[in-house]
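Printed here is protein.txt (compact mmCIF, C-alpha atoms):
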# COMPACT_ATOMS: atom_id res chain seq x y z
CA MET F 21 69.75 -77.93 6.26
CA SER F 22 69.25 -81.62 5.58
CA ILE F 23 70.32 -83.98 8.36
CA LEU F 24 71.05 -87.69 7.86
CA LEU F 25 70.99 -89.78 11.04
CA VAL F 26 72.45 -93.28 10.76
CA THR F 27 72.01 -95.55 13.80
CA SER F 28 73.50 -99.00 14.11
CA SER F 29 73.58 -100.28 17.69
CA PRO F 30 72.03 -103.73 18.23
CA ARG F 31 70.97 -102.69 21.76
CA GLY F 32 67.75 -101.07 20.63
CA ALA F 33 66.13 -98.78 23.19
CA ALA F 34 69.01 -99.48 25.59
CA SER F 35 71.58 -98.05 23.19
CA HIS F 36 73.39 -94.97 24.46
CA SER F 37 74.74 -94.06 21.03
CA THR F 38 71.30 -94.23 19.43
CA ARG F 39 69.77 -92.18 22.24
CA ILE F 40 72.30 -89.36 22.15
CA ALA F 41 72.49 -89.25 18.35
CA THR F 42 68.70 -89.18 18.03
CA GLU F 43 68.39 -86.43 20.64
CA PHE F 44 71.10 -84.52 18.78
CA ALA F 45 69.26 -84.72 15.46
CA GLU F 46 65.94 -83.80 17.05
CA LYS F 47 67.47 -80.80 18.82
CA LEU F 48 68.87 -79.54 15.52
CA VAL F 49 65.41 -79.75 13.98
CA THR F 50 63.79 -78.07 16.98
CA ALA F 51 66.35 -75.27 16.88
CA ASP F 52 65.53 -74.63 13.23
CA PRO F 53 62.27 -76.14 11.97
CA SER F 54 63.42 -75.60 8.39
CA ASN F 55 65.95 -78.39 8.95
CA THR F 56 64.87 -81.76 7.58
CA LEU F 57 65.73 -85.15 9.03
CA VAL F 58 66.21 -88.52 7.32
CA VAL F 59 66.78 -91.53 9.58
CA ARG F 60 68.57 -94.65 8.41
CA ASP F 61 68.08 -97.33 11.10
CA LEU F 62 70.52 -100.09 10.20
CA VAL F 63 69.16 -102.44 12.86
CA ALA F 64 65.51 -102.23 11.88
CA ASN F 65 66.47 -102.25 8.20
CA PRO F 66 69.95 -103.78 7.83
CA LEU F 67 71.73 -103.41 4.54
CA PRO F 68 72.84 -106.61 2.80
CA HIS F 69 76.50 -107.42 2.96
CA ILE F 70 78.14 -106.83 -0.38
CA ASP F 71 78.47 -109.98 -2.46
CA ALA F 72 79.44 -111.16 -5.95
CA ASP F 73 76.34 -109.64 -7.54
CA TYR F 74 77.11 -106.27 -5.98
CA SER F 75 80.83 -106.41 -6.81
CA THR F 76 80.14 -107.17 -10.47
CA GLY F 77 76.94 -105.15 -10.73
CA ILE F 78 78.50 -101.78 -9.88
CA TYR F 79 80.80 -102.16 -12.89
CA THR F 80 78.06 -103.40 -15.22
CA PRO F 81 75.98 -100.93 -17.29
CA ALA F 82 72.51 -100.55 -15.77
CA GLU F 83 70.79 -101.97 -18.84
CA ALA F 84 72.96 -105.10 -18.74
CA ARG F 85 72.59 -105.97 -15.05
CA THR F 86 70.84 -109.11 -13.93
CA PRO F 87 67.75 -108.63 -11.74
CA ARG F 88 69.80 -109.52 -8.66
CA GLN F 89 72.60 -107.11 -9.63
CA ALA F 90 70.04 -104.36 -10.21
CA GLU F 91 68.52 -105.04 -6.79
CA VAL F 92 71.72 -104.85 -4.78
CA VAL F 93 73.16 -101.91 -6.70
CA GLY F 94 69.81 -100.18 -6.24
CA VAL F 95 70.23 -100.49 -2.47
CA SER F 96 73.61 -98.80 -2.72
CA ASP F 97 72.14 -96.07 -4.94
CA VAL F 98 69.50 -95.26 -2.33
CA VAL F 99 71.95 -94.88 0.57
CA LEU F 100 74.30 -92.86 -1.62
CA ASP F 101 71.47 -90.54 -2.63
CA GLU F 102 70.65 -90.04 1.07
CA LEU F 103 74.27 -89.20 1.81
CA PHE F 104 74.69 -86.76 -1.07
CA ALA F 105 71.45 -84.99 -0.14
CA ALA F 106 72.58 -84.40 3.46
CA ASP F 107 74.37 -81.31 4.73
CA THR F 108 74.98 -82.83 8.16
CA VAL F 109 75.58 -86.52 8.86
CA ILE F 110 75.29 -88.08 12.31
CA LEU F 111 76.69 -91.60 12.63
CA ALA F 112 75.87 -93.54 15.80
CA THR F 113 77.57 -96.78 16.76
CA GLY F 114 78.51 -98.85 19.74
CA PHE F 115 82.14 -99.83 20.24
CA ILE F 116 82.03 -103.54 19.38
CA ASN F 117 85.19 -105.64 19.58
CA PHE F 118 87.30 -102.47 19.29
CA ASN F 119 85.57 -101.23 16.15
CA ILE F 120 82.25 -100.08 14.70
CA SER F 121 79.20 -102.32 14.40
CA SER F 122 79.04 -104.67 11.41
CA THR F 123 75.79 -103.00 10.36
CA LEU F 124 77.53 -99.63 10.07
CA LYS F 125 80.40 -101.28 8.20
CA SER F 126 77.86 -102.53 5.64
CA TRP F 127 76.65 -98.94 5.21
CA VAL F 128 80.25 -97.85 4.58
CA ASP F 129 80.66 -100.64 2.02
CA HIS F 130 77.58 -99.42 0.14
CA ILE F 131 78.58 -95.75 0.09
CA ALA F 132 82.22 -96.34 -0.87
CA ARG F 133 81.84 -96.75 -4.63
CA SER F 134 84.34 -95.90 -7.31
CA GLY F 135 82.85 -93.38 -9.71
CA ARG F 136 80.14 -92.31 -7.27
CA SER F 137 81.72 -91.35 -3.95
CA PHE F 138 85.37 -91.38 -5.04
CA ALA F 139 87.31 -91.49 -8.27
CA TYR F 140 90.81 -92.37 -9.34
CA GLY F 141 92.78 -89.91 -11.45
CA GLU F 142 96.33 -89.24 -12.49
CA SER F 143 97.10 -87.81 -9.06
CA GLY F 144 95.44 -90.68 -7.19
CA PRO F 145 92.05 -91.07 -5.50
CA LYS F 146 89.75 -88.10 -4.98
CA GLY F 147 86.77 -88.00 -2.62
CA LEU F 148 83.54 -86.85 -4.24
CA VAL F 149 81.38 -86.47 -1.10
CA THR F 150 82.31 -82.95 -0.07
CA GLY F 151 80.84 -79.99 1.80
CA LYS F 152 79.38 -82.03 4.67
CA LYS F 153 79.67 -81.85 8.44
CA VAL F 154 79.91 -85.26 10.10
CA TYR F 155 79.41 -86.14 13.75
CA ILE F 156 80.35 -89.57 15.07
CA VAL F 157 78.52 -90.60 18.25
CA LEU F 158 80.42 -93.53 19.78
CA ALA F 159 79.47 -95.38 22.96
CA SER F 160 81.99 -97.65 24.68
CA GLY F 161 82.15 -99.64 27.89
CA GLY F 162 85.68 -98.49 28.63
CA ILE F 163 87.78 -95.36 28.15
CA TYR F 164 89.50 -95.37 24.78
CA SER F 165 90.07 -91.68 24.10
CA GLU F 166 93.10 -91.57 26.41
CA GLY F 167 95.36 -93.80 28.44
CA ALA F 168 96.67 -97.27 27.70
CA ALA F 169 93.53 -98.39 25.85
CA VAL F 170 93.87 -95.80 23.06
CA GLN F 171 95.67 -98.40 20.95
CA PHE F 172 92.53 -100.54 20.91
CA ASP F 173 90.33 -97.84 19.40
CA HIS F 174 90.05 -98.85 15.77
CA ALA F 175 86.60 -97.28 15.36
CA ILE F 176 87.41 -93.57 15.21
CA PRO F 177 90.64 -93.89 13.17
CA TYR F 178 88.81 -96.14 10.70
CA LEU F 179 85.81 -93.83 10.31
CA ARG F 180 87.97 -90.73 10.01
CA GLY F 181 90.07 -92.52 7.41
CA VAL F 182 87.27 -93.83 5.21
CA LEU F 183 85.15 -90.68 5.51
CA GLY F 184 88.17 -88.55 4.63
CA PHE F 185 88.92 -90.79 1.65
CA LEU F 186 85.40 -90.09 0.38
CA GLY F 187 85.82 -86.33 0.87
CA MET F 188 84.27 -85.85 4.32
CA THR F 189 87.04 -84.28 6.35
CA ASP F 190 85.03 -82.05 8.70
CA VAL F 191 84.41 -84.67 11.38
CA ASP F 192 83.74 -84.25 15.11
CA VAL F 193 83.45 -87.05 17.66
CA ILE F 194 81.02 -87.23 20.56
CA ARG F 195 82.05 -90.01 22.91
CA ILE F 196 79.89 -91.72 25.51
CA GLU F 197 82.62 -93.70 27.18
CA GLY F 198 83.04 -95.69 30.34
CA VAL F 199 79.42 -96.88 30.38
CA GLY F 200 80.56 -100.31 31.54
CA MET F 201 82.01 -98.89 34.74
CA GLY F 202 78.82 -98.58 36.79
CA PRO F 203 75.72 -96.38 37.05
CA ASP F 204 77.60 -93.26 38.10
CA ALA F 205 79.91 -93.60 35.11
CA VAL F 206 76.92 -93.96 32.78
CA THR F 207 75.32 -90.82 34.18
CA ALA F 208 78.56 -88.86 33.83
CA ALA F 209 79.19 -90.10 30.28
CA LEU F 210 75.68 -89.23 29.13
CA ALA F 211 75.86 -85.80 30.76
CA LYS F 212 79.18 -85.05 29.07
CA ALA F 213 77.89 -86.15 25.67
CA THR F 214 74.67 -84.18 26.08
CA ALA F 215 76.64 -81.07 27.02
CA LYS F 216 78.68 -81.38 23.84
CA VAL F 217 75.53 -81.86 21.77
CA ASP F 218 73.94 -78.79 23.35
CA ALA F 219 77.06 -76.75 22.67
CA VAL F 220 76.96 -77.71 18.98
CA VAL F 221 73.26 -76.86 18.70
CA ALA F 222 73.81 -73.51 20.45
CA SER F 223 76.72 -72.62 18.17
CA GLN F 224 74.62 -73.35 15.10
CA GLN F 225 71.83 -71.13 16.44
CA VAL F 226 74.32 -68.30 16.92
CA ALA F 227 75.72 -68.81 13.42
CA ALA F 228 72.23 -68.81 11.91
CA ALA F 229 71.37 -65.57 13.69
CA ALA F 230 74.55 -63.80 12.66
Spit out the file's structure as structure tokens when you get a sec.
Amino acid sequence: MSILLVTSSPRGAASHSTRIATEFAEKLVTADPSNTLVVRDLVANPLPHIDADYSTGIYTPAEARTPRQAEVVGVSDVVLDELFAADTVILATGFINFNISSTLKSWVDHIARSGRSFAYGESGPKGLVTGKKVYIVLASGGIYSEGAAVQFDHAIPYLRGVLGFLGMTDVDVIRIEGVGMGPDAVTAALAKATAKVDAVVASQQVAAAA
């Protein structure tokens, strides 16, 4: 199994989402050494925001692209190749201003390409990125999975929507929420997320042994 880990929190070593997602990916590899891991660190190596050269370049034949168009489309090609090669995708992000990080949004912009990851037909759009399991690891200062603040969670609905549009409908969410509510809340949130990660890893071990 090929695993793609995409991290995006600007908090570096202090990031809860990066920590849990990285531990998750590493546990999957430890559980089955035949698994391979590709890491896309969007903070250490941020993707360029899409611009005019990208927007025109993706619709220009490769042989006719300008050097700049070829460069930016080439970036998109690389991240798309990583995505298509993966069986399991782990996306890690902090909850920033009620949504995902801008670095992760840039990744989405590069993988959402007509003719590559989706296509329009007589019956409408069709996602072309299929057969993948996706885990979203989301860290937030407050509680947004339930209660009055649910309406402010634009991160999970957005990711489920865009991933589903591209054909990735098998999506699970691992939340690390309430980390802004004190040390005890952080400990509890990390423990809950770790327990969910361990349950996923254990279930995959059972499935592999069956």
Mind running stretch 151-203 of chain F against stretch 123-131 of chain F at 10 Å and telling me each contacting residue's nearest atom pair with the distance in Å (one decimal), counting all atoms listed in the file, chain and number ascending, as CSV?
residue,atom,partner,partner_atom,distance
F:Leu179,CA,F:Val128,CA,8.9
F:Val182,CA,F:Val128,CA,8.1
F:Leu183,CA,F:Val128,CA,8.7
F:Leu186,CA,F:Ile131,CA,8.9
Selected residue, from F:Asp173, F:Asp61, F:Asp101, F:Asp52, that lies nearest to F:Ile120 when counting all atoms listed in the file: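 The closest residue to F:Ile120 is F:Asp173.
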Residues within 7 Å of stretch 187-202 of chain F, please, as a PDB file with C-alpha atoms, in the coordinates of the input. Count all atoms listed in the file; anything in the same chain fewer than 3 positions from it doesn't count.
ATOM      1  CA  GLY F 147      86.770 -88.000  -2.620  1.00  0.00           C
ATOM      2  CA  LEU F 148      83.540 -86.850  -4.240  1.00  0.00           C
ATOM      3  CA  VAL F 149      81.380 -86.470  -1.100  1.00  0.00           C
ATOM      4  CA  THR F 150      82.310 -82.950  -0.070  1.00  0.00           C
ATOM      5  CA  LYS F 152      79.380 -82.030   4.670  1.00  0.00           C
ATOM      6  CA  LYS F 153      79.670 -81.850   8.440  1.00  0.00           C
ATOM      7  CA  VAL F 154      79.910 -85.260  10.100  1.00  0.00           C
ATOM      8  CA  TYR F 155      79.410 -86.140  13.750  1.00  0.00           C
ATOM      9  CA  ILE F 156      80.350 -89.570  15.070  1.00  0.00           C
ATOM     10  CA  VAL F 157      78.520 -90.600  18.250  1.00  0.00           C
ATOM     11  CA  LEU F 158      80.420 -93.530  19.780  1.00  0.00           C
ATOM     12  CA  ALA F 159      79.470 -95.380  22.960  1.00  0.00           C
ATOM     13  CA  SER F 160      81.990 -97.650  24.680  1.00  0.00           C
ATOM     14  CA  GLY F 161      82.150 -99.640  27.890  1.00  0.00           C
ATOM     15  CA  GLY F 162      85.680 -98.490  28.630  1.00  0.00           C
ATOM     16  CA  ILE F 163      87.780 -95.360  28.150  1.00  0.00           C
ATOM     17  CA  LEU F 183      85.150 -90.680   5.510  1.00  0.00           C
ATOM     18  CA  GLY F 184      88.170 -88.550   4.630  1.00  0.00           C
ATOM     19  CA  ALA F 205      79.910 -93.600  35.110  1.00  0.00           C
ATOM     20  CA  VAL F 206      76.920 -93.960  32.780  1.00  0.00           C
ATOM     21  CA  ALA F 209      79.190 -90.100  30.280  1.00  0.00           C
ATOM     22  CA  LEU F 210      75.680 -89.230  29.130  1.00  0.00           C
ATOM     23  CA  ALA F 213      77.890 -86.150  25.670  1.00  0.00           C
TER      24      ALA F 213
END
Distance criterion (only C-alpha atoms): nearest to F:Ala112 out of F:Gly167, F:Gly144, F:Pro30, F:Pro53: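 Among the listed residues, F:Pro30 lies closest to F:Ala112.
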Nearby residues (all atoms listed in the file) at most 8 Å from stretch 44-47 of chain F, same-chain spacing under 4 positions excluded, as a list in words: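 Within the cut-off, the hits are Ile23, Leu25, Ile40, Ala51, Leu57, Ile110, Val217, Asp218 and Val221 of chain F.
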Computed interatomic separation between atom CA of F:Val58 and atom CA of F:Leu24 (Å):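 Distance between the two atoms: 4.9 Å.
The coordinates place atom CA of F:Leu67 at 10.9 Å from atom CA of F:Val98.
Coordinates place atom CA of F:Thr27 at a distance of 22.4 Å from atom CA of F:Ser54.
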Return as lines of an AutoDock Vina configuration file the box centre and box size in Å, one decimal, for an axis-aligned box around all listed atoms of stretch 111-117 of chain F padded by 6 Å per side.
center_x = 80.5
center_y = -98.6
center_z = 16.4
size_x = 21.3
size_y = 26.0
size_z = 19.6
Nearest to F:Ala106, chosen from F:Ala90, F:Val26, F:Ala222, F:Ile78, with all atoms listed in the file counted in the distances: F:Val26
Closest of F:Ala84, F:Ile70, F:Leu111, F:Leu103 to F:Ser22 - atom-to-atom distances counting all atoms listed in the file: F:Leu103
Using all atoms listed in the file: which of F:Thr76, F:Gln89, F:Asn55, F:Ser96 has the shortest distance to F:Thr108: F:Asn55
Nearest candidate to F:Ala175 (options F:Ala139, F:Ala64, F:Ile116, F:Ala219; using only C-alpha atoms):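 Residue with the minimum atom-to-atom distance to F:Ala175: F:Ile116.
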